[in-house]
Amino acid sequence: MDLLTLALIGLVGGLITGISPCILPVLPVVFFAGGVQGARPAIKVAATTKGAAGSVGAMAQPSFLSGPTTWRPDGGGVATLEAPTPATKARDRASARRPYLVIAGLVTSFTLVTLVGTVLLNLLGLPQDLLRWAGIAVLALLGVGLLVPKFEEVLERPFQRLTPKRAPGAARGGFVLGLGLGAVYVPCAGPVLAAITVAGATGTVGLSTVVLTVSFALGAAIPLLVLALAGRKVAERIAAFRTHQRGIRAAGGALMIALALALAFNLTDAIQRALPGYTDALQSKVAANETVQRQLDLGGLVTDENRQLADCTNNSATLEDCGPAPAIRGIDTWFNTPDGAPVDLADLKGKVVLLDFWAYSCINCQRSVPHVTAWDEAYRDDGLVVIGVHTPEYAFERETRNVQDGAQRLGITYPVAQDNSYATWTAYRNRFWPAHYLIDADGRIRQVSQGEGGYAQTETLIRKLLTTADPGVALPARTQVDDTTPQGDVTPETFLSVGKRTNVAGDYREGEASYVLPSTQAPDTVAFGGTWTTDYQGATAGPDAALRLTYHAKVVQAVMGGSGTVTATVRDEDGTVVDRVDLTVGGAPKAYPLVGGSSAAVGTVELTVSPGVQVFSFTFG
């Protein structure tokens, strides 16, 4: 790997994360504790007590948590300008360094936790969320210290060795605050973070991974540092911040405690989900870049844990030994489990497990899921555990409410893990939607089936493993679900996004543009007419927007979102109108049916699309 290229990829990925909704919960703490509380006093003053010429008031020392405080005379006195002293110079240097030390602590903590945290906790047999809870505890303690000065003195003692002994208390406190933030900092998912997460979780940390992680952390920290410096400038320019430092300390402490409580009760997740994913398009653009894909090799990362997967053939009709099943990892949200509790494969020894990778808007998955739900219903009481791993293909598929709605429409009641970071996907070296991994009672993968079809032989192997696990089991009759996998020549899935566009006839440009439908069009293509705005998710209709699709299939669907109406005119091979479909698009993006015949046919669909409707792709069956 080219380390410089890898560093640039990490830096860009980090910068995108640093301006994403995921960092919003920590922004107030960085602004106040990292910036405002590190502000330098505008002037340095001394005072003489009335009637006692030459007596000088006491200059407060830098605070461990909040930086230097304003001078307070011992008695009523007259303020005068004071000449700089070594003590005041040290205080000002501590103020200047505090924002940088907060960010340095965050980068250090995030890098160490990400790269070695999982491995270290596994070696010690400790819970995987221990470091996160430790970070939450640090934030809460620092918050209490800001509210209770005596407690702050107690907190300072254990951390004095973390920075040079001559460093003022503010320097030590800033670095410790950063350490706490880094342990609880959860960046938005993306291709860079997926590669880092898997490497750290599996212990495959080399120089390239360290370079990628440090550059990612630095990139994410740059916007936070800018915010902290802005906070310091605001405090230095506005007198109220200097004259009400006790209130500023209290506000900073309250914010830290509030953040700790929000993290403890997962309230930050709800905040992040409620915000628009304004960086999703940038993340998708990075993921679609060929250099990024080549350098990170997402989906192909080989580790000791998953190396034996290469020994398996796809959709084998016989049981194979594909090595131990990698752990399910990187999952923030579970549903269809008691209180959203996670499912650990290690706890399922003695059971046969089917791991199903899917995405709710994927038509291939929609055709596959009925087989999976039928197996779950038929064999659940006989020792089969089905786990769905939802790995998003589009940005809108990252939304938990959308996934839950899609699962409900498909009749999924078994546990589902939301794999937005692609961590489990990458751990299984997966590359397809759908994909099934059949795991025996000893926790070893015995069949891999990527793509559609082969359901009968997969069910045969499920029954064989159930009988091996429990020779006395009385299995029900085989399930009866029609295999609707397309046979023969069918138009391939067609994408309209910038990064994945396929089968486009005529002109295509990124951003807003006006198009004219071509006079002739090749088979199995889509053409644009009117005004469209294309990005790395799909195409959004403007005035007079139209699409023309030529196809060979039995079923045609359009994955659409936004809000508006679509009129689809269906013509046969001779150009005769055979159907007209009026659709109202709204709610979560999903697949809308355009054509549903009894057999595959050649035809054309002409779509008139109202402004505001987003078209992501066309799928065929």
# chains A, B, ... in the order shown; residues from 1 in each chain; ligands from 1

$ residues_around --residues "Ala264 of chain A" --least-positions-apart "4" --cutoff "8 Å" --atoms "only C-alpha atoms" --output "list in words"
Trp133, Ile136 and Ala260 of chain A

$ residues_around --residues "segment 396-410 of chain A" --least-positions-apart "6" --cutoff "8 Å" --atoms "only C-alpha atoms" --output "PDB file with C-alpha atoms, in the first residue's frame"
ATOM      1  CA  ARG A 273     -30.757   9.954  13.902  1.00  0.00           C
ATOM      2  CA  THR A 333     -28.615  -1.070  16.922  1.00  0.00           C
ATOM      3  CA  PHE A 335     -34.117  -4.995  16.919  1.00  0.00           C
ATOM      4  CA  ALA A 359     -30.701  -4.605   2.516  1.00  0.00           C
ATOM      5  CA  TYR A 360     -34.379  -3.782   2.593  1.00  0.00           C
ATOM      6  CA  SER A 361     -34.644  -2.001  -0.777  1.00  0.00           C
ATOM      7  CA  GLN A 366     -36.794  -9.147  -1.331  1.00  0.00           C
ATOM      8  CA  VAL A 369     -36.187 -13.119   2.391  1.00  0.00           C
ATOM      9  CA  PRO A 370     -39.380 -15.236   2.025  1.00  0.00           C
ATOM     10  CA  HIS A 390     -28.669  -5.344   7.508  1.00  0.00           C
ATOM     11  CA  GLN A 418     -27.861  -2.895  11.802  1.00  0.00           C
ATOM     12  CA  ASN A 420     -24.002   0.565   9.226  1.00  0.00           C
ATOM     13  CA  ALA A 588     -39.171   6.185   3.426  1.00  0.00           C
ATOM     14  CA  PRO A 589     -37.557   5.315   0.090  1.00  0.00           C
TER      15      PRO A 589
END

$ select_by_dssp --residues "segment 323-431 of chain A" --states "helix (DSSP H, G or I)" --output "PyMOL selection string"
chain A and resi 338-340+345-348+363-382+395-398+400-409+423-427

$ residues_around --residues "Tyr515 of chain A" --least-positions-apart "6" --cutoff "9 Å" --atoms "only C-alpha atoms" --output "number ranges by chain"
A: 506-508, 527-532, 545

$ atom_distance --atom1 "atom CA of Gly174 of chain A" --atom2 "atom CA of Pro25 of chain A"
18.3 Å

$ closest_residue --among "A:Thr460, A:Thr520, A:Thr468, A:Ser421" --to "Thr391 of chain A" --atoms "only C-alpha atoms"
A:Ser421

$ closest_residue --among "A:Ala228, A:Val113, A:Leu212, A:Leu384" --to "Val29 of chain A" --atoms "only C-alpha atoms"
A:Ala228

$ residues_around --residues "Ser215 of chain A" --least-positions-apart "4" --cutoff "9 Å" --atoms "only C-alpha atoms" --output "VMD selection string"
chain A and resid 6 to 14 210 to 211 219 to 220

$ atom_distance --atom1 "atom CA of Val26 of chain A" --atom2 "atom CA of Leu141 of chain A"
16.1 Å
